[in-house]
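With mmCIF, C-alpha atoms inside, this is coords.cif:
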data_query
#
loop_
_atom_site.label_atom_id
_atom_site.label_comp_id
_atom_site.auth_asym_id
_atom_site.auth_seq_id
_atom_site.Cartn_x
_atom_site.Cartn_y
_atom_site.Cartn_z
CA MET A 1 139.74 117.63 -19.41
CA ARG A 2 142.28 119.09 -16.95
CA ILE A 3 141.33 122.07 -14.84
CA LYS A 4 144.04 124.72 -14.72
CA LEU A 5 144.25 125.72 -11.06
CA ALA A 6 146.26 128.66 -9.72
CA ILE A 7 146.94 128.91 -5.96
CA LEU A 8 148.26 132.13 -4.41
CA GLU A 9 149.55 131.33 -0.92
CA ASN A 10 152.40 132.74 1.21
CA ASP A 11 153.00 129.44 3.05
CA ARG A 12 155.50 127.72 0.76
CA SER A 13 155.52 124.56 2.82
CA TYR A 14 151.75 124.21 2.45
CA LEU A 15 151.99 124.94 -1.28
CA ASP A 16 154.53 122.14 -1.74
CA ARG A 17 152.31 119.68 0.17
CA ILE A 18 149.08 120.47 -1.68
CA ILE A 19 150.82 120.33 -5.07
CA ALA A 20 152.19 116.92 -4.14
CA PHE A 21 148.68 115.78 -3.13
CA PHE A 22 147.15 116.96 -6.40
CA ASN A 23 149.93 115.40 -8.47
CA ASN A 24 149.54 112.12 -6.64
CA ARG A 25 145.74 111.89 -6.68
CA TYR A 26 144.40 114.13 -9.45
CA ALA A 27 147.24 114.46 -11.95
CA ASP A 28 144.88 113.58 -14.82
CA LYS A 29 142.25 116.12 -13.72
CA VAL A 30 144.07 119.15 -12.31
CA GLU A 31 147.09 121.12 -13.52
CA VAL A 32 148.39 123.23 -10.61
CA TYR A 33 150.20 126.57 -10.78
CA SER A 34 151.47 127.96 -7.46
CA PHE A 35 152.45 131.51 -6.52
CA SER A 36 153.39 133.57 -3.50
CA ASP A 37 153.76 136.81 -5.46
CA GLN A 38 150.37 138.38 -6.21
CA SER A 39 151.45 140.40 -9.24
CA VAL A 40 152.95 137.33 -10.92
CA ALA A 41 149.83 135.30 -10.15
CA MET A 42 147.48 137.93 -11.59
CA SER A 43 149.46 138.24 -14.83
CA THR A 44 149.46 134.44 -15.23
CA LEU A 45 145.67 134.18 -14.97
CA GLU A 46 145.30 135.49 -18.51
CA THR A 47 148.47 134.24 -20.20
CA SER A 48 148.01 130.65 -19.01
CA LYS A 49 144.19 130.68 -19.28
CA ILE A 50 143.67 129.65 -15.65
CA ASP A 51 140.25 128.09 -14.95
CA VAL A 52 140.10 128.43 -11.15
CA PHE A 53 142.06 130.85 -8.94
CA LEU A 54 142.45 130.38 -5.17
CA ALA A 55 144.02 133.12 -3.07
CA GLY A 56 144.97 133.13 0.61
CA GLU A 57 142.82 135.40 2.75
CA SER A 58 145.83 137.68 3.49
CA TYR A 59 145.86 138.86 -0.13
CA ASP A 60 143.72 141.81 -1.23
CA ILE A 61 142.29 140.63 -4.54
CA VAL A 62 140.58 143.06 -6.92
CA ILE A 63 137.84 140.88 -8.37
CA SER A 64 137.46 142.98 -11.51
CA ASP A 65 141.08 142.13 -12.40
CA ILE A 66 140.24 138.42 -12.62
CA PRO A 67 139.26 137.24 -16.14
CA LYS A 68 135.52 136.58 -16.37
CA ARG A 69 136.06 133.01 -17.55
CA CYS A 70 138.11 132.26 -14.39
CA GLY A 71 136.41 131.08 -11.19
CA PHE A 72 137.64 132.46 -7.87
CA ALA A 73 137.55 131.66 -4.14
CA TYR A 74 139.52 132.68 -1.09
CA PHE A 75 141.66 129.91 0.42
CA VAL A 76 141.15 130.16 4.19
CA ASP A 77 142.51 128.57 7.35
CA SER A 78 139.25 128.08 9.26
CA GLN A 79 136.11 126.04 8.71
CA GLY A 80 132.74 127.75 9.03
CA ILE A 81 133.54 130.85 6.97
CA GLU A 82 131.05 131.12 4.12
CA THR A 83 132.28 134.20 2.25
CA ILE A 84 134.98 136.90 2.32
CA LYS A 85 134.15 140.19 0.63
CA ASP A 86 131.12 138.47 -0.95
CA GLN A 87 133.37 135.85 -2.55
CA PRO A 88 133.19 132.07 -1.90
CA VAL A 89 135.79 130.40 0.28
CA ILE A 90 137.46 127.00 0.49
CA CYS A 91 139.06 125.81 3.69
CA LYS A 92 142.59 124.61 2.95
CA TYR A 93 142.77 122.35 6.00
CA GLN A 94 140.49 119.53 4.87
CA SER A 95 140.92 116.40 2.77
CA ILE A 96 142.24 116.84 -0.75
CA ASP A 97 139.11 115.09 -2.06
CA LEU A 98 136.82 117.75 -0.54
CA ILE A 99 139.04 120.55 -1.83
CA TYR A 100 138.91 119.01 -5.31
CA LYS A 101 135.10 118.75 -5.23
CA GLN A 102 134.78 122.40 -4.23
CA ILE A 103 137.16 123.43 -7.01
CA LEU A 104 135.12 121.33 -9.42
CA ALA A 105 131.93 123.06 -8.28
CA ILE A 106 133.45 126.49 -8.90
CA TYR A 107 134.65 125.40 -12.32
CA SER A 108 131.26 123.95 -13.25
CA ASP A 109 129.59 127.27 -12.35
CA ILE A 110 131.76 129.30 -14.69
CA SER A 111 132.30 126.76 -17.46
CA SER A 112 129.90 126.96 -20.39
CA HIS A 113 130.94 123.71 -22.03
CA MET A 114 132.28 120.26 -21.24
CA THR A 115 135.17 119.98 -23.66
CA GLY A 116 137.16 116.86 -22.83
CA VAL A 117 134.53 115.26 -20.60
CA LYS A 118 134.13 111.66 -21.71
CA LEU A 119 130.64 110.20 -21.68
CA GLY A 120 130.00 106.58 -20.86
CA ASP A 121 128.55 104.01 -23.26
CA ASP A 122 125.41 103.39 -21.19
CA ASN A 123 126.53 100.04 -19.80
CA CYS A 124 125.30 101.20 -16.41
CA LYS A 125 122.44 99.08 -15.04
CA LEU A 126 119.44 100.65 -13.32
CA VAL A 127 117.72 98.78 -10.48
CA VAL A 128 114.56 100.45 -9.15
CA PHE A 129 113.27 99.70 -5.65
CA SER A 130 109.70 101.01 -5.51
CA SER A 131 107.05 99.02 -3.68
CA PRO A 132 103.27 99.52 -3.40
CA ALA A 133 103.48 98.10 0.14
CA GLY A 134 104.60 100.78 2.60
CA GLY A 135 106.62 100.27 5.76
CA VAL A 136 108.18 96.98 4.66
CA GLY A 137 111.82 98.11 4.48
CA THR A 138 112.11 98.90 0.78
CA SER A 139 114.68 101.66 1.37
CA SER A 140 116.75 99.46 3.68
CA LEU A 141 116.88 96.78 1.01
CA ALA A 142 117.83 99.31 -1.68
CA ALA A 143 120.67 100.63 0.49
CA SER A 144 121.78 97.08 1.30
CA CYS A 145 121.74 96.17 -2.39
CA SER A 146 124.05 99.15 -3.00
CA ILE A 147 126.50 97.88 -0.40
CA TYR A 148 126.29 94.36 -1.85
CA HIS A 149 127.20 95.50 -5.35
CA THR A 150 129.99 97.74 -4.03
CA VAL A 151 131.55 94.86 -2.10
CA LYS A 152 131.43 92.86 -5.34
CA GLY A 153 133.67 95.50 -6.91
CA HIS A 154 131.05 97.44 -8.85
CA ARG A 155 130.93 101.23 -8.87
CA THR A 156 127.52 101.73 -7.31
CA LEU A 157 125.34 104.78 -6.73
CA TYR A 158 122.49 104.73 -4.21
CA LEU A 159 120.06 107.30 -5.59
CA ASN A 160 117.24 108.22 -3.22
CA LEU A 161 114.48 109.92 -5.21
CA GLU A 162 111.76 109.68 -2.59
CA LYS A 163 110.05 113.01 -1.94
CA PHE A 164 110.64 112.74 1.80
CA GLY A 165 113.43 110.16 1.86
CA SER A 166 117.09 110.57 2.78
CA SER A 167 120.28 108.83 1.75
CA ASP A 168 121.85 110.16 4.93
CA VAL A 169 119.82 107.71 7.01
CA PHE A 170 122.00 104.94 5.59
CA PHE A 171 125.23 106.56 4.42
CA SER A 172 127.48 109.38 5.60
CA ALA A 173 130.49 111.26 4.24
CA GLU A 174 131.96 114.74 4.33
CA GLY A 175 131.07 117.25 1.66
CA SER A 176 129.37 120.60 1.07
CA PHE A 177 126.90 119.75 -1.70
CA ASP A 178 123.61 117.83 -1.84
CA MET A 179 120.56 117.01 -3.98
CA THR A 180 119.43 120.65 -3.90
CA ASP A 181 122.62 121.66 -5.75
CA LEU A 182 122.09 118.86 -8.26
CA ILE A 183 118.43 119.73 -8.84
CA PHE A 184 119.31 123.41 -9.34
CA ALA A 185 121.97 122.50 -11.92
CA LEU A 186 119.51 120.22 -13.71
CA LYS A 187 116.74 122.83 -13.82
CA SER A 188 119.09 125.56 -15.00
CA ARG A 189 119.97 123.24 -17.90
CA LYS A 190 123.69 123.76 -17.51
CA SER A 191 125.69 122.05 -20.24
CA ASN A 192 128.37 121.22 -17.64
CA PHE A 193 125.97 119.11 -15.55
CA ILE A 194 128.36 116.15 -15.35
CA LEU A 195 130.94 118.36 -13.61
CA LYS A 196 128.33 119.41 -11.07
CA LEU A 197 127.35 115.77 -10.59
CA GLU A 198 130.95 114.82 -9.83
CA SER A 199 131.29 117.66 -7.32
CA CYS A 200 128.09 116.67 -5.48
CA VAL A 201 128.54 112.92 -5.15
CA LYS A 202 129.85 111.52 -1.87
CA LYS A 203 131.31 108.15 -0.96
CA ASP A 204 130.51 106.24 2.22
CA ILE A 205 132.98 104.09 4.17
CA HIS A 206 131.49 101.06 2.40
CA GLY A 207 132.48 102.62 -0.93
CA VAL A 208 128.86 103.35 -1.90
CA SER A 209 128.36 106.62 -3.78
CA PHE A 210 125.36 108.78 -2.86
CA PHE A 211 123.95 112.30 -2.76
CA SER A 212 122.99 113.83 0.57
CA HIS A 213 119.32 114.69 0.94
CA ALA A 214 118.06 118.04 -0.32
CA LYS A 215 118.17 121.01 2.04
CA THR A 216 114.38 120.83 2.22
CA ALA A 217 111.88 118.25 0.96
CA LEU A 218 110.25 121.05 -1.05
CA ASP A 219 113.28 120.95 -3.36
CA MET A 220 112.53 117.29 -4.13
CA LEU A 221 108.92 118.18 -4.87
CA GLU A 222 110.24 120.48 -7.60
CA LEU A 223 111.74 117.48 -9.43
CA ASN A 224 109.14 116.29 -11.94
CA ALA A 225 109.07 112.97 -13.79
CA GLU A 226 110.70 114.32 -16.95
CA GLU A 227 113.55 115.83 -14.92
CA THR A 228 113.93 112.58 -12.99
CA LEU A 229 114.26 110.81 -16.31
CA GLN A 230 116.87 113.32 -17.44
CA LEU A 231 118.77 113.00 -14.16
CA ILE A 232 119.00 109.22 -14.46
CA ASN A 233 120.05 109.48 -18.11
CA GLU A 234 122.79 111.99 -17.26
CA ILE A 235 124.10 109.74 -14.49
CA LYS A 236 124.01 106.64 -16.69
CA MET A 237 125.90 108.38 -19.50
CA SER A 238 128.50 109.95 -17.19
CA GLY A 239 130.43 106.69 -17.13
CA PHE A 240 130.99 107.00 -13.36
CA PHE A 241 128.93 103.99 -12.29
CA ASP A 242 128.23 100.35 -13.09
CA TYR A 243 124.98 100.28 -11.12
CA ILE A 244 122.39 102.86 -10.08
CA ILE A 245 120.18 101.63 -7.25
CA ALA A 246 117.21 104.00 -7.40
CA ASP A 247 114.99 104.20 -4.31
CA MET A 248 111.69 105.74 -5.47
CA ASP A 249 108.18 106.44 -4.26
CA PHE A 250 105.68 104.01 -5.78
CA ASP A 251 103.93 105.49 -8.80
CA ILE A 252 102.46 104.00 -11.98
CA SER A 253 101.31 107.25 -13.58
CA LYS A 254 102.03 107.77 -17.27
CA GLU A 255 105.07 109.94 -16.50
CA ALA A 256 106.46 107.58 -13.85
CA MET A 257 106.18 104.67 -16.28
CA LYS A 258 108.81 106.32 -18.47
CA VAL A 259 111.32 105.95 -15.64
CA LEU A 260 110.31 102.34 -14.96
CA LYS A 261 110.80 101.48 -18.64
CA MET A 262 114.47 102.39 -18.25
CA ALA A 263 115.00 99.92 -15.41
CA ASP A 264 116.84 96.65 -15.90
CA PHE A 265 115.13 95.35 -12.78
CA ILE A 266 112.20 96.60 -10.68
CA VAL A 267 112.02 95.33 -7.11
CA TRP A 268 108.82 95.35 -5.09
CA VAL A 269 108.91 94.42 -1.41
CA SER A 270 106.28 92.79 0.80
CA ASP A 271 106.44 91.51 4.37
CA GLY A 272 103.97 88.76 3.51
CA SER A 273 101.16 90.22 5.60
CA ASP A 274 97.64 90.26 4.21
CA ALA A 275 97.68 94.06 3.91
CA SER A 276 101.02 94.21 2.05
CA ASN A 277 100.21 91.31 -0.23
CA THR A 278 96.86 92.85 -1.15
CA LYS A 279 98.52 96.13 -2.13
CA VAL A 280 101.08 94.33 -4.27
CA PHE A 281 98.38 92.17 -5.88
CA ARG A 282 96.22 95.17 -6.80
CA ALA A 283 99.18 97.19 -8.09
CA TYR A 284 100.30 94.30 -10.28
CA LYS A 285 96.82 93.88 -11.74
CA ALA A 286 96.70 97.62 -12.47
CA LEU A 287 100.02 97.38 -14.31
CA GLU A 288 98.73 94.47 -16.38
CA ILE A 289 95.79 96.59 -17.53
CA LEU A 290 98.05 99.55 -18.35
CA SER A 291 100.40 97.28 -20.30
CA GLN A 292 97.66 96.04 -22.64
CA SER A 293 98.02 99.16 -24.78
CA GLN A 294 101.84 99.01 -24.83
CA ASP A 295 104.38 97.01 -26.80
CA PHE A 296 105.87 95.38 -23.73
CA SER A 297 104.91 94.70 -20.15
CA ILE A 298 106.74 96.45 -17.33
CA ALA A 299 105.14 93.91 -15.02
CA LYS A 300 107.42 91.20 -16.43
CA ARG A 301 110.48 93.10 -15.12
CA ILE A 302 109.24 93.12 -11.55
CA LYS A 303 110.85 90.95 -8.90
CA ILE A 304 109.22 90.40 -5.52
CA LEU A 305 111.43 90.41 -2.44
CA TYR A 306 110.05 89.42 0.95
CA ASN A 307 111.37 91.31 3.97
CA LYS A 308 110.62 90.98 7.69
CA PHE A 309 109.18 87.61 6.73
CA SER A 310 107.85 85.28 9.42
CA SER A 311 106.73 81.69 8.91
CA GLN A 312 104.01 82.30 11.49
CA THR A 313 102.48 85.57 10.25
CA SER A 314 103.57 85.89 6.61
CA ASN A 315 102.53 84.27 3.34
CA LYS A 316 103.71 84.50 -0.24
CA ILE A 317 101.49 86.32 -2.72
CA GLU A 318 99.17 84.11 -4.73
CA GLY A 319 97.22 84.71 -7.91
CA ILE A 320 99.87 86.66 -9.86
CA GLU A 321 103.02 85.60 -11.69
CA LEU A 322 105.69 87.52 -9.81
CA ASP A 323 109.22 86.19 -9.81
CA SER A 324 110.36 85.89 -6.18
CA ILE A 325 114.08 86.40 -5.60
CA GLY A 326 114.13 85.52 -1.90
CA GLY A 327 113.35 86.77 1.55
CA ALA A 328 114.90 88.19 4.71
CA PRO A 329 113.82 87.77 8.33
CA ARG A 330 112.86 90.50 10.77
CA TYR A 331 115.74 91.94 12.82
CA ASP A 332 114.27 93.09 16.11
CA ARG A 333 116.06 95.66 18.27
CA ALA A 334 118.78 96.15 15.64
CA SER A 335 120.18 99.55 14.61
CA THR A 336 119.93 100.76 11.03
CA GLN A 337 123.59 99.94 10.44
CA GLN A 338 123.20 96.45 11.90
CA VAL A 339 120.21 95.81 9.62
CA LEU A 340 122.23 96.96 6.58
CA ASP A 341 125.13 94.73 7.55
CA GLN A 342 122.82 91.71 7.73
CA LEU A 343 120.82 92.44 4.58
CA SER A 344 123.86 93.33 2.45
CA GLY A 345 125.19 89.83 3.01
CA MET A 346 122.13 88.21 1.44
CA ARG A 347 122.87 86.26 -1.72
CA PHE A 348 119.50 87.04 -3.34
CA PHE A 349 120.98 90.30 -4.66
CA ASP A 350 122.95 88.11 -7.10
CA THR A 351 119.73 87.97 -9.12
CA LEU A 352 120.00 91.71 -9.78
CA MET A 353 123.42 91.54 -11.44
#
Do you think you could lay out the structure here as structure tokens?
Amino acid sequence: MRIKLAILENDRSYLDRIIAFFNNRYADKVEVYSFSDQSVAMSTLETSKIDVFLAGESYDIVISDIPKRCGFAYFVDSQGIETIKDQPVICKYQSIDLIYKQILAIYSDISSHMTGVKLGDDNCKLVVFSSPAGGVGTSSLAASCSIYHTVKGHRTLYLNLEKFGSSDVFFSAEGSFDMTDLIFALKSRKSNFILKLESCVKKDIHGVSFFSHAKTALDMLELNAEETLQLINEIKMSGFFDYIIADMDFDISKEAMKVLKMADFIVWVSDGSDASNTKVFRAYKALEILSQSQDFSIAKRIKILYNKFSSQTSNKIEGIELDSIGGAPRYDRASTQQVLDQLSGMRFFDTLM
């Protein structure tokens, strides 16, 4: 699939630069047509079957003259402008990657099919971090595992599915879209969901891919178990990633079990305290009972990882057969980034490869 993009802009120097950027970075994804004459541009929209049309804000565009199958936005000089004449805008003075993602979002909104989009062969591995023991650093370990796999050269997505969690606590990158946009696309059952996924994903300085948190936690509450299952399946089949590190609220309901069955590994975390170990013990026993009526045991996929472990105040869990993959000490007075740097260097993540 190559998006046919038409840009109407009176700054020829800028046009030459942006065409060079697209040809250098997105030659296999975008075919660019450039114009400074409005009448020529408008006639080309139909004859060349343009998918997305960008016009400088100095041009007076009659929206009804644009073919319905063609997406449109004004191409503006300044950040912070949301619309012009009720039409979306894209700031032209930002990174080519952000411009591409916004173009992709416009295209996904008007496209009714995904002709040419190649689906993966489901070689993507799913690792679920979801612990019955709260406050033990499960999310920090999930984020660190994402960095670890990325450093190893794997295309890795950190997927925070917690109702009140946030990927942005651990990772940051520029971009206009977030989980709310992804959830809306999923619920509207758009056939071009993979295009929307690509436009929403961000990449941190570590190289970890992620989605920014939803605009409000209420949007996450709208995502039910079946839709979560669909979301993970869509991401796995997109072919974009080698690993999905899913950070999820602990749940062993019938619906949640469907998601856990997809996982290649399930990681529970305990700090070795009596309270945490008791919660893990009871959750494991509950899973054993639930598994008696099933063909296989999810409990056998669970790995226990000890975090904030102290030889003086912590103990390993006894009485259940949980495979321990290692432990990490407590890092007092360390920032979130410092904790991630330390944890992402731990070799116990090798077990999850």
Report as a PDB file with C-alpha atoms, keeping the file's coordinate frame the residues that result from applying the PyMOL selection byres ((chain A and resi 29-43) around 8) to the structure here.
ATOM      1  CA  MET A   1     139.740 117.630 -19.410  1.00  0.00           C
ATOM      2  CA  ARG A   2     142.280 119.090 -16.950  1.00  0.00           C
ATOM      3  CA  ILE A   3     141.330 122.070 -14.840  1.00  0.00           C
ATOM      4  CA  LYS A   4     144.040 124.720 -14.720  1.00  0.00           C
ATOM      5  CA  LEU A   5     144.250 125.720 -11.060  1.00  0.00           C
ATOM      6  CA  ALA A   6     146.260 128.660  -9.720  1.00  0.00           C
ATOM      7  CA  ILE A   7     146.940 128.910  -5.960  1.00  0.00           C
ATOM      8  CA  LEU A   8     148.260 132.130  -4.410  1.00  0.00           C
ATOM      9  CA  GLU A   9     149.550 131.330  -0.920  1.00  0.00           C
ATOM     10  CA  ASN A  10     152.400 132.740   1.210  1.00  0.00           C
ATOM     11  CA  ASP A  11     153.000 129.440   3.050  1.00  0.00           C
ATOM     12  CA  ARG A  12     155.500 127.720   0.760  1.00  0.00           C
ATOM     13  CA  LEU A  15     151.990 124.940  -1.280  1.00  0.00           C
ATOM     14  CA  ILE A  19     150.820 120.330  -5.070  1.00  0.00           C
ATOM     15  CA  PHE A  22     147.150 116.960  -6.400  1.00  0.00           C
ATOM     16  CA  ASN A  23     149.930 115.400  -8.470  1.00  0.00           C
ATOM     17  CA  TYR A  26     144.400 114.130  -9.450  1.00  0.00           C
ATOM     18  CA  ALA A  27     147.240 114.460 -11.950  1.00  0.00           C
ATOM     19  CA  ASP A  28     144.880 113.580 -14.820  1.00  0.00           C
ATOM     20  CA  THR A  44     149.460 134.440 -15.230  1.00  0.00           C
ATOM     21  CA  LEU A  45     145.670 134.180 -14.970  1.00  0.00           C
ATOM     22  CA  GLU A  46     145.300 135.490 -18.510  1.00  0.00           C
ATOM     23  CA  THR A  47     148.470 134.240 -20.200  1.00  0.00           C
ATOM     24  CA  TYR A  59     145.860 138.860  -0.130  1.00  0.00           C
ATOM     25  CA  ASP A  65     141.080 142.130 -12.400  1.00  0.00           C
ATOM     26  CA  ILE A  66     140.240 138.420 -12.620  1.00  0.00           C
TER      27      ILE A  66
END
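Applied to the file shown here, the PyMOL selection byres ((chain A and resi 107) around 8) selects Ile3, Asp51, Val52, Cys70, Gly71, Ile103, Leu104, Ala105, Ile106, Ser108, Asp109, Ile110 and Ser111 of chain A.
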Exercise. Any chance you could work out the residue set of the PyMOL selection byres ((chain A and resi 287) around 12) here, as a ChimeraX atom specification?
Worked result: /A:132,251-254,257,260,280-286,288-294,296-302,320
Dump of C-alpha atoms for the selected residues, as a PDB file, keeping the file's coordinate frame:
ATOM      1  CA  PRO A 132     103.270  99.520  -3.400  1.00  0.00           C
ATOM      2  CA  ASP A 251     103.930 105.490  -8.800  1.00  0.00           C
ATOM      3  CA  ILE A 252     102.460 104.000 -11.980  1.00  0.00           C
ATOM      4  CA  SER A 253     101.310 107.250 -13.580  1.00  0.00           C
ATOM      5  CA  LYS A 254     102.030 107.770 -17.270  1.00  0.00           C
ATOM      6  CA  MET A 257     106.180 104.670 -16.280  1.00  0.00           C
ATOM      7  CA  LEU A 260     110.310 102.340 -14.960  1.00  0.00           C
ATOM      8  CA  VAL A 280     101.080  94.330  -4.270  1.00  0.00           C
ATOM      9  CA  PHE A 281      98.380  92.170  -5.880  1.00  0.00           C
ATOM     10  CA  ARG A 282      96.220  95.170  -6.800  1.00  0.00           C
ATOM     11  CA  ALA A 283      99.180  97.190  -8.090  1.00  0.00           C
ATOM     12  CA  TYR A 284     100.300  94.300 -10.280  1.00  0.00           C
ATOM     13  CA  LYS A 285      96.820  93.880 -11.740  1.00  0.00           C
ATOM     14  CA  ALA A 286      96.700  97.620 -12.470  1.00  0.00           C
ATOM     15  CA  GLU A 288      98.730  94.470 -16.380  1.00  0.00           C
ATOM     16  CA  ILE A 289      95.790  96.590 -17.530  1.00  0.00           C
ATOM     17  CA  LEU A 290      98.050  99.550 -18.350  1.00  0.00           C
ATOM     18  CA  SER A 291     100.400  97.280 -20.300  1.00  0.00           C
ATOM     19  CA  GLN A 292      97.660  96.040 -22.640  1.00  0.00           C
ATOM     20  CA  SER A 293      98.020  99.160 -24.780  1.00  0.00           C
ATOM     21  CA  GLN A 294     101.840  99.010 -24.830  1.00  0.00           C
ATOM     22  CA  PHE A 296     105.870  95.380 -23.730  1.00  0.00           C
ATOM     23  CA  SER A 297     104.910  94.700 -20.150  1.00  0.00           C
ATOM     24  CA  ILE A 298     106.740  96.450 -17.330  1.00  0.00           C
ATOM     25  CA  ALA A 299     105.140  93.910 -15.020  1.00  0.00           C
ATOM     26  CA  LYS A 300     107.420  91.200 -16.430  1.00  0.00           C
ATOM     27  CA  ARG A 301     110.480  93.100 -15.120  1.00  0.00           C
ATOM     28  CA  ILE A 302     109.240  93.120 -11.550  1.00  0.00           C
ATOM     29  CA  ILE A 320      99.870  86.660  -9.860  1.00  0.00           C
TER      30      ILE A 320
END
For this session: Around the point (125.5, 105.3, -15.1) in the file's coordinates, collect all residues with an atom within 9 Å, using only C-alpha atoms, and return them as a count of residues only.
Result: 22
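CA of Gln79 (chain A) sits 24.4 Å away from CA of Ser209 (chain A).
Here the question is which of A:Ser276, A:Ser314, A:Ser270, A:Gln342 gets nearest to Gly137 (chain A) using only C-alpha atoms, and that residue is A:Ser270.
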I'd like the box whose edges run along x, y and z of the file and which contains every listed atom of region 269-285 of chain A, padded by 3 Å per side; could you state its centre and edge lengths in Å, one decimal, as JSON?
{"center_x": 102.6, "center_y": 93.0, "center_z": -3.1, "size_x": 18.7, "size_y": 14.4, "size_z": 23.3}
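Between CA of Lys258 (chain A) and CA of Ala246 (chain A) lies a distance of 14.1 Å.
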